[in-house]
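Input: a single structure, listed below in structure tokens.
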Amino acid sequence: MDIKSFGELIEWTRDLHTHLAQCLGHCATRHEEERAGALLEYLASHESELARIVEEFEGQSASNTLETRVYDYLRHNPIETHRTCDEPYAKLDFQGIYREVMDFHEQVMNLYKNLLDKAEIPEARELLEGLLEMETNESMRLARQIGRMDDL
């Protein structure tokens, strides 16, 4: 991961959610199980919405905050996602899809927490707190929605 500023962090996070949305949507049409296909479609739309929300952080943040360097204290393992989307989600069952997507969100939240612990500038802390809060709330909402789908 070669992110040098908070602006690049936002772009990178947005791109991750966009890519995941495309991958999930692509796999939804190829899944043999109807219920898992419906889950993939729901997750794809949710990830697209998250990409849009993350992008709003860029518009709401001051340019000096977006230009603040994170490179010096960004020592985080890359987030593991199926970057090539060779249909991995089309091969997983309902619970496997759920676990993979929730793990993805957990990795993003851990990245934000890691950066938040090291952020010294108040504006950067505020940006990271907002991103973390959004990601946490959306993950909880996603877990509730998927739990309801699973109950049906």
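Numbering starts fresh at 1 for the residues of each chain in the structure tokens, the chains themselves are lettered A, B, ... in the order given, and ligands are numbered from 1 as they appear.
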Handout entry: Who sits within 10 Å of Ser63 in chain A, only C-alpha atoms, same chain under 4 positions skipped, as a ChimeraX atom specification
Key = /A:6-7,58-59,67-68
Problem - Residues within 10 Å of Leu142 in chain A, only C-alpha atoms, excluding chain neighbours under 5 positions, as a list of chain:residue names - result: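 Contacts, with the query itself left out: A:Tyr42, A:Leu43, A:His46, A:Tyr98, A:Val101, A:Met102, A:Thr136, A:Asn137, A:Gly147, A:Arg148.
Across A:Tyr89, A:Trp12, A:Phe94, A:Phe57, the tightest approach to Leu128 in chain A is made by A:Phe57 when counting only C-alpha atoms.
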Handout entry: Glu120 in chain A environment, 12 Å, only C-alpha atoms, sequence neighbours closer than 3 positions dropped, as a list in words
Key = Thr65, Thr68, Arg69, Val70, Tyr73, Leu115, Leu116, Asp117, Glu123, Ala124, Arg125, Glu126, Leu127 and Leu128 of chain A
Practice task
Calculate how many Å separate CA of Glu129 in chain A from CA of Leu9 in chain A, rounding to one decimal.
Solution key: 13.6 Å
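Using only C-alpha atoms, the nearest neighbour of Cys23 in chain A within the list A:Lys4, A:Ala62, A:Ala119, A:Pro88 is A:Pro88.
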May I have the residues within 12 Å of Cys27 in chain A as a PDB file with N, CA, C and O atoms, in the first residue's frame, using only C-alpha atoms and disregarding those fewer than 4 positions away in the same chain?
```pdb
ATOM      1  N   LEU A  20     -14.870  -3.893  -4.676  1.00  0.00           N
ATOM      2  CA  LEU A  20     -15.621  -4.958  -4.014  1.00  0.00           C
ATOM      3  C   LEU A  20     -17.056  -4.999  -4.529  1.00  0.00           C
ATOM      4  O   LEU A  20     -17.599  -6.077  -4.789  1.00  0.00           O
ATOM      5  N   ALA A  21     -17.663  -3.833  -4.720  1.00  0.00           N
ATOM      6  CA  ALA A  21     -19.028  -3.771  -5.251  1.00  0.00           C
ATOM      7  C   ALA A  21     -19.099  -4.401  -6.637  1.00  0.00           C
ATOM      8  O   ALA A  21     -20.012  -5.190  -6.928  1.00  0.00           O
ATOM      9  N   GLN A  22     -18.142  -4.081  -7.481  1.00  0.00           N
ATOM     10  CA  GLN A  22     -18.127  -4.646  -8.836  1.00  0.00           C
ATOM     11  C   GLN A  22     -17.928  -6.149  -8.804  1.00  0.00           C
ATOM     12  O   GLN A  22     -18.585  -6.891  -9.532  1.00  0.00           O
ATOM     13  N   CYS A  23     -17.031  -6.600  -7.949  1.00  0.00           N
ATOM     14  CA  CYS A  23     -16.750  -8.030  -7.839  1.00  0.00           C
ATOM     15  C   CYS A  23     -17.972  -8.792  -7.321  1.00  0.00           C
ATOM     16  O   CYS A  23     -18.341  -9.829  -7.861  1.00  0.00           O
ATOM     17  N   HIS A  31     -23.655 -17.059  -9.374  1.00  0.00           N
ATOM     18  CA  HIS A  31     -23.824 -17.972  -8.243  1.00  0.00           C
ATOM     19  C   HIS A  31     -24.991 -18.914  -8.513  1.00  0.00           C
ATOM     20  O   HIS A  31     -26.047 -18.500  -8.970  1.00  0.00           O
ATOM     21  N   GLU A  32     -24.783 -20.178  -8.197  1.00  0.00           N
ATOM     22  CA  GLU A  32     -25.815 -21.192  -8.448  1.00  0.00           C
ATOM     23  C   GLU A  32     -26.930 -21.150  -7.413  1.00  0.00           C
ATOM     24  O   GLU A  32     -28.063 -21.507  -7.703  1.00  0.00           O
ATOM     25  N   GLU A  33     -26.615 -20.717  -6.196  1.00  0.00           N
ATOM     26  CA  GLU A  33     -27.590 -20.676  -5.112  1.00  0.00           C
ATOM     27  C   GLU A  33     -28.312 -19.326  -5.123  1.00  0.00           C
ATOM     28  O   GLU A  33     -27.694 -18.266  -5.042  1.00  0.00           O
ATOM     29  N   GLU A  34     -29.636 -19.357  -5.206  1.00  0.00           N
ATOM     30  CA  GLU A  34     -30.431 -18.137  -5.315  1.00  0.00           C
ATOM     31  C   GLU A  34     -30.244 -17.209  -4.107  1.00  0.00           C
ATOM     32  O   GLU A  34     -30.089 -15.993  -4.252  1.00  0.00           O
ATOM     33  N   ALA A  36     -27.707 -17.003  -2.003  1.00  0.00           N
ATOM     34  CA  ALA A  36     -26.366 -16.414  -2.016  1.00  0.00           C
ATOM     35  C   ALA A  36     -26.264 -15.344  -3.104  1.00  0.00           C
ATOM     36  O   ALA A  36     -25.638 -14.305  -2.904  1.00  0.00           O
ATOM     37  N   GLY A  37     -26.915 -15.578  -4.238  1.00  0.00           N
ATOM     38  CA  GLY A  37     -26.931 -14.575  -5.305  1.00  0.00           C
ATOM     39  C   GLY A  37     -27.621 -13.296  -4.856  1.00  0.00           C
ATOM     40  O   GLY A  37     -27.159 -12.185  -5.151  1.00  0.00           O
ATOM     41  N   ALA A  38     -28.716 -13.449  -4.122  1.00  0.00           N
ATOM     42  CA  ALA A  38     -29.428 -12.278  -3.596  1.00  0.00           C
ATOM     43  C   ALA A  38     -28.552 -11.533  -2.587  1.00  0.00           C
ATOM     44  O   ALA A  38     -28.528 -10.291  -2.571  1.00  0.00           O
ATOM     45  N   LEU A  39     -27.832 -12.260  -1.751  1.00  0.00           N
ATOM     46  CA  LEU A  39     -26.920 -11.640  -0.800  1.00  0.00           C
ATOM     47  C   LEU A  39     -25.840 -10.860  -1.544  1.00  0.00           C
ATOM     48  O   LEU A  39     -25.529  -9.718  -1.184  1.00  0.00           O
ATOM     49  N   LEU A  40     -25.276 -11.446  -2.573  1.00  0.00           N
ATOM     50  CA  LEU A  40     -24.237 -10.766  -3.341  1.00  0.00           C
ATOM     51  C   LEU A  40     -24.760  -9.483  -3.985  1.00  0.00           C
ATOM     52  O   LEU A  40     -24.067  -8.468  -4.004  1.00  0.00           O
ATOM     53  N   GLU A  41     -25.973  -9.533  -4.512  1.00  0.00           N
ATOM     54  CA  GLU A  41     -26.568  -8.328  -5.099  1.00  0.00           C
ATOM     55  C   GLU A  41     -26.746  -7.243  -4.037  1.00  0.00           C
ATOM     56  O   GLU A  41     -26.449  -6.067  -4.275  1.00  0.00           O
ATOM     57  N   TYR A  42     -27.247  -7.627  -2.871  1.00  0.00           N
ATOM     58  CA  TYR A  42     -27.430  -6.665  -1.782  1.00  0.00           C
ATOM     59  C   TYR A  42     -26.087  -6.071  -1.367  1.00  0.00           C
ATOM     60  O   TYR A  42     -25.945  -4.860  -1.205  1.00  0.00           O
ATOM     61  N   LEU A  43     -25.094  -6.925  -1.188  1.00  0.00           N
ATOM     62  CA  LEU A  43     -23.776  -6.459  -0.773  1.00  0.00           C
ATOM     63  C   LEU A  43     -23.150  -5.535  -1.820  1.00  0.00           C
ATOM     64  O   LEU A  43     -22.499  -4.546  -1.475  1.00  0.00           O
ATOM     65  N   ALA A  44     -23.360  -5.851  -3.088  1.00  0.00           N
ATOM     66  CA  ALA A  44     -22.818  -5.005  -4.157  1.00  0.00           C
ATOM     67  C   ALA A  44     -23.409  -3.604  -4.082  1.00  0.00           C
ATOM     68  O   ALA A  44     -22.682  -2.604  -4.190  1.00  0.00           O
ATOM     69  N   HIS A  82     -10.132  -9.772  -2.942  1.00  0.00           N
ATOM     70  CA  HIS A  82      -9.930 -10.433  -4.225  1.00  0.00           C
ATOM     71  C   HIS A  82      -9.828  -9.363  -5.304  1.00  0.00           C
ATOM     72  O   HIS A  82     -10.791  -9.046  -5.971  1.00  0.00           O
ATOM     73  N   CYS A  85     -10.871 -10.405  -8.832  1.00  0.00           N
ATOM     74  CA  CYS A  85     -12.251 -10.889  -8.914  1.00  0.00           C
ATOM     75  C   CYS A  85     -12.393 -12.042  -9.906  1.00  0.00           C
ATOM     76  O   CYS A  85     -13.114 -11.959 -10.889  1.00  0.00           O
ATOM     77  N   ASP A  86     -11.696 -13.094  -9.646  1.00  0.00           N
ATOM     78  CA  ASP A  86     -11.809 -14.284 -10.476  1.00  0.00           C
ATOM     79  C   ASP A  86     -12.965 -15.162  -9.974  1.00  0.00           C
ATOM     80  O   ASP A  86     -12.862 -16.367  -9.919  1.00  0.00           O
ATOM     81  N   GLU A  87     -14.042 -14.507  -9.621  1.00  0.00           N
ATOM     82  CA  GLU A  87     -15.292 -15.125  -9.167  1.00  0.00           C
ATOM     83  C   GLU A  87     -15.167 -15.895  -7.856  1.00  0.00           C
ATOM     84  O   GLU A  87     -15.797 -16.943  -7.687  1.00  0.00           O
ATOM     85  N   PRO A  88     -14.399 -15.420  -6.876  1.00  0.00           N
ATOM     86  CA  PRO A  88     -14.282 -16.177  -5.628  1.00  0.00           C
ATOM     87  C   PRO A  88     -15.585 -16.231  -4.848  1.00  0.00           C
ATOM     88  O   PRO A  88     -15.868 -17.230  -4.203  1.00  0.00           O
ATOM     89  N   TYR A  89     -16.376 -15.164  -4.911  1.00  0.00           N
ATOM     90  CA  TYR A  89     -17.625 -15.123  -4.151  1.00  0.00           C
ATOM     91  C   TYR A  89     -18.690 -16.028  -4.776  1.00  0.00           C
ATOM     92  O   TYR A  89     -19.606 -16.458  -4.087  1.00  0.00           O
ATOM     93  N   ALA A  90     -18.553 -16.334  -6.037  1.00  0.00           N
ATOM     94  CA  ALA A  90     -19.509 -17.223  -6.697  1.00  0.00           C
ATOM     95  C   ALA A  90     -19.340 -18.662  -6.211  1.00  0.00           C
ATOM     96  O   ALA A  90     -20.228 -19.491  -6.394  1.00  0.00           O
ATOM     97  N   LYS A  91     -18.223 -18.940  -5.567  1.00  0.00           N
ATOM     98  CA  LYS A  91     -17.941 -20.296  -5.100  1.00  0.00           C
ATOM     99  C   LYS A  91     -18.200 -20.479  -3.614  1.00  0.00           C
ATOM    100  O   LYS A  91     -18.112 -21.576  -3.096  1.00  0.00           O
ATOM    101  N   LEU A  92     -18.503 -19.370  -2.918  1.00  0.00           N
ATOM    102  CA  LEU A  92     -18.732 -19.445  -1.469  1.00  0.00           C
ATOM    103  C   LEU A  92     -20.225 -19.595  -1.171  1.00  0.00           C
ATOM    104  O   LEU A  92     -21.062 -19.113  -1.937  1.00  0.00           O
ATOM    105  N   ASP A  93     -20.534 -20.204  -0.026  1.00  0.00           N
ATOM    106  CA  ASP A  93     -21.928 -20.266   0.395  1.00  0.00           C
ATOM    107  C   ASP A  93     -22.296 -18.973   1.103  1.00  0.00           C
ATOM    108  O   ASP A  93     -21.470 -18.074   1.258  1.00  0.00           O
ATOM    109  N   ILE A  97     -19.636 -16.005   2.223  1.00  0.00           N
ATOM    110  CA  ILE A  97     -19.687 -14.653   1.652  1.00  0.00           C
ATOM    111  C   ILE A  97     -19.748 -13.639   2.790  1.00  0.00           C
ATOM    112  O   ILE A  97     -19.016 -12.650   2.803  1.00  0.00           O
TER     113      ILE A  97
END
```
Exercise for the section: Mind the document's chain letters and residue numbers, and return as a PyMOL selection string the residues of range 26-79 of chain A that DSSP labels helix (DSSP H, G or I). Expected result: chain A and resi 26-28+34-60+63-66+71-73
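The two atoms in question, CA of His26 in chain A and CA of Glu133 in chain A, are spaced 28.6 Å apart.
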Practice task
Give me, please, the distance in Å between CA of Lys113 in chain A and CA of Asn64 in chain A, quoted to one decimal.
Solution key: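 Result for CA of Lys113 in chain A versus CA of Asn64 in chain A: 21.2 Å, one decimal.
The residue that comes closest to Asn110 in chain A, out of A:Gln95, A:Leu132, A:Val54, A:Asp151 and on the basis of only C-alpha atoms, is A:Leu132.
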